[in-house]
Amino acid sequence: KPWYQRRVAITAGSVKQLRMFLNQYEELPIDAISYLTGECNYGGRVTDSHDRRVIIGILEKFYNQDIVNNADYKFSESGKYFAPKDGDYDSYLEYIKSLPILTKPEVFNMHSNADITKDQKRKKYRLRLCVDTTA
């Protein structure tokens, strides 16, 4: 299966687990949810220990007690990324439309230099494609 199809299946499984924990427990077991999502669902498919640590670090931003206890919790310093308040379908669409088209590294708890690294890798890849096609 292509990576995208696997990622969708992993995400769907993680969402089902999260729903189960939300419905069955009075107090949310953040550690259990983080472990299942980070180490089993995603981490089980990542072979590099450094990459697995990055996944766990990203999840800490999204799976934590503050998001449950603080209605104004933000996923990023800019405040652009947050869990919208309960609302109707249209309110969620409006929130999604308000998000930046290009996701900044801040939402993943990464430094802005991550954008530079990503752009450099993308340019090298495209340059290599051009060289390979003209050779």
# chains A, B, ... in the order shown; residues from 1 in each chain; ligands from 1

call {"tool": "residues_around", "arguments": {"residues": "Lys97 in chain A", "least_positions_apart": "6", "cutoff": "12 Å", "atoms": "only C-alpha atoms", "output": "PyMOL selection string"}}
result
chain A and resi 80-81+90-91

call {"tool": "write_last_selection", "arguments": {"atoms": "N, CA, C and O atoms", "output": "CSV table (one decimal), in the first residue's frame"}}
result
chain,number,residue,atom,x,y,z
A,80,LYS,N,-2.8,30.6,16.2
A,80,LYS,CA,-3.6,30.3,15.0
A,80,LYS,C,-4.2,28.9,15.1
A,80,LYS,O,-5.2,28.6,14.5
A,81,TYR,N,-3.5,28.0,15.7
A,81,TYR,CA,-3.9,26.6,15.8
A,81,TYR,C,-4.4,26.3,17.2
A,81,TYR,O,-3.7,26.4,18.2
A,90,ASP,N,-20.9,24.5,10.1
A,90,ASP,CA,-20.4,25.7,9.4
A,90,ASP,C,-19.3,26.4,10.2
A,90,ASP,O,-18.3,27.0,9.7
A,91,SER,N,-19.4,26.4,11.6
A,91,SER,CA,-18.4,27.0,12.4
A,91,SER,C,-17.0,26.3,12.2
A,91,SER,O,-16.0,26.9,12.3

call {"tool": "select_by_dssp", "arguments": {"residues": "chain A", "states": "alpha helix (DSSP H)", "output": "ChimeraX atom specification"}}
result
/A:3-24,30-35,49-62,65-69,89-98,113-134

call {"tool": "closest_residue", "arguments": {"among": "A:Leu22, A:Leu129, A:Ala83, A:Ala32", "to": "Tyr95 in chain A", "atoms": "only C-alpha atoms"}}
result
A:Ala83

call {"tool": "closest_residue", "arguments": {"among": "A:Asn113, A:Ser98, A:Asn41, A:Gln120", "to": "Pro84 in chain A", "atoms": "only C-alpha atoms"}}
result
A:Ser98

call {"tool": "residues_around", "arguments": {"residues": "Glu39 in chain A", "least_positions_apart": "6", "cutoff": "9 Å", "atoms": "only C-alpha atoms", "output": "PyMOL selection string"}}
result
chain A and resi 45-46+52+55-56

call {"tool": "residues_around", "arguments": {"residues": "Gly13 in chain A", "least_positions_apart": "3", "cutoff": "12 Å", "atoms": "only C-alpha atoms", "output": "short mmCIF file (atom, residue, chain, number, x, y, z; two decimals) with C-alpha atoms, in the first residue's frame"}}
result
data_model
loop_
_atom_site.label_atom_id
_atom_site.label_comp_id
_atom_site.auth_asym_id
_atom_site.auth_seq_id
_atom_site.Cartn_x
_atom_site.Cartn_y
_atom_site.Cartn_z
CA ARG A 6 -1.41 3.45 5.39
CA ARG A 7 -1.37 6.86 7.09
CA VAL A 8 -5.14 7.23 6.67
CA ALA A 9 -5.65 3.77 8.21
CA ILE A 10 -3.31 4.62 11.11
CA LYS A 16 -11.24 5.12 17.14
CA GLN A 17 -8.98 4.53 20.15
CA LEU A 18 -9.31 8.15 21.25
CA ARG A 19 -13.11 7.96 20.96
CA MET A 20 -13.12 4.75 22.99
CA ILE A 33 -3.45 7.33 24.53
CA LEU A 36 -0.84 3.73 21.77
CA THR A 37 -0.77 6.46 19.15
CA CYS A 40 2.11 1.47 18.51
CA ASN A 41 0.04 3.09 15.76
CA TYR A 42 2.62 5.43 14.22
#

call {"tool": "closest_residue", "arguments": {"among": "A:Ser34, A:Thr47, A:Asn23, A:Thr134", "to": "Leu59 in chain A", "atoms": "only C-alpha atoms"}}
result
A:Ser34

call {"tool": "atom_distance", "arguments": {"atom1": "CA of Ile58 in chain A", "atom2": "CA of Tyr35 in chain A"}}
result
12.6 Å

call {"tool": "residues_around", "arguments": {"residues": "Ser78 in chain A", "least_positions_apart": "6", "cutoff": "12 Å", "atoms": "only C-alpha atoms", "output": "ChimeraX atom specification"}}
result
/A:99-100,104-107,109

call {"tool": "write_last_selection", "arguments": {"atoms": "N, CA and C atoms", "output": "short mmCIF file (atom, residue, chain, number, x, y, z; two decimals), in the first residue's frame"}}
result
data_model
loop_
_atom_site.label_atom_id
_atom_site.label_comp_id
_atom_site.auth_asym_id
_atom_site.auth_seq_id
_atom_site.Cartn_x
_atom_site.Cartn_y
_atom_site.Cartn_z
N LEU A 99 -7.35 28.92 8.67
CA LEU A 99 -5.99 28.43 8.87
C LEU A 99 -5.12 28.78 7.66
N PRO A 100 -3.82 28.98 7.90
CA PRO A 100 -2.92 29.29 6.78
C PRO A 100 -2.90 28.14 5.76
N LYS A 104 2.92 25.99 8.97
CA LYS A 104 4.22 26.37 9.51
C LYS A 104 4.68 25.31 10.51
N PRO A 105 5.99 25.18 10.71
CA PRO A 105 6.52 24.18 11.65
C PRO A 105 6.03 24.37 13.08
N GLU A 106 5.63 25.59 13.43
CA GLU A 106 5.21 25.86 14.80
C GLU A 106 4.07 24.95 15.26
N VAL A 107 3.19 24.55 14.35
CA VAL A 107 2.07 23.71 14.74
C VAL A 107 2.55 22.33 15.19
N ASN A 109 5.37 22.01 16.84
CA ASN A 109 6.29 22.30 17.93
C ASN A 109 7.74 22.28 17.44
#

call {"tool": "atom_distance", "arguments": {"atom1": "CA of Leu28 in chain A", "atom2": "CA of Ala12 in chain A"}}
result
19.2 Å

call {"tool": "atom_distance", "arguments": {"atom1": "CA of Ser112 in chain A", "atom2": "CA of Asp66 in chain A"}}
result
23.8 Å
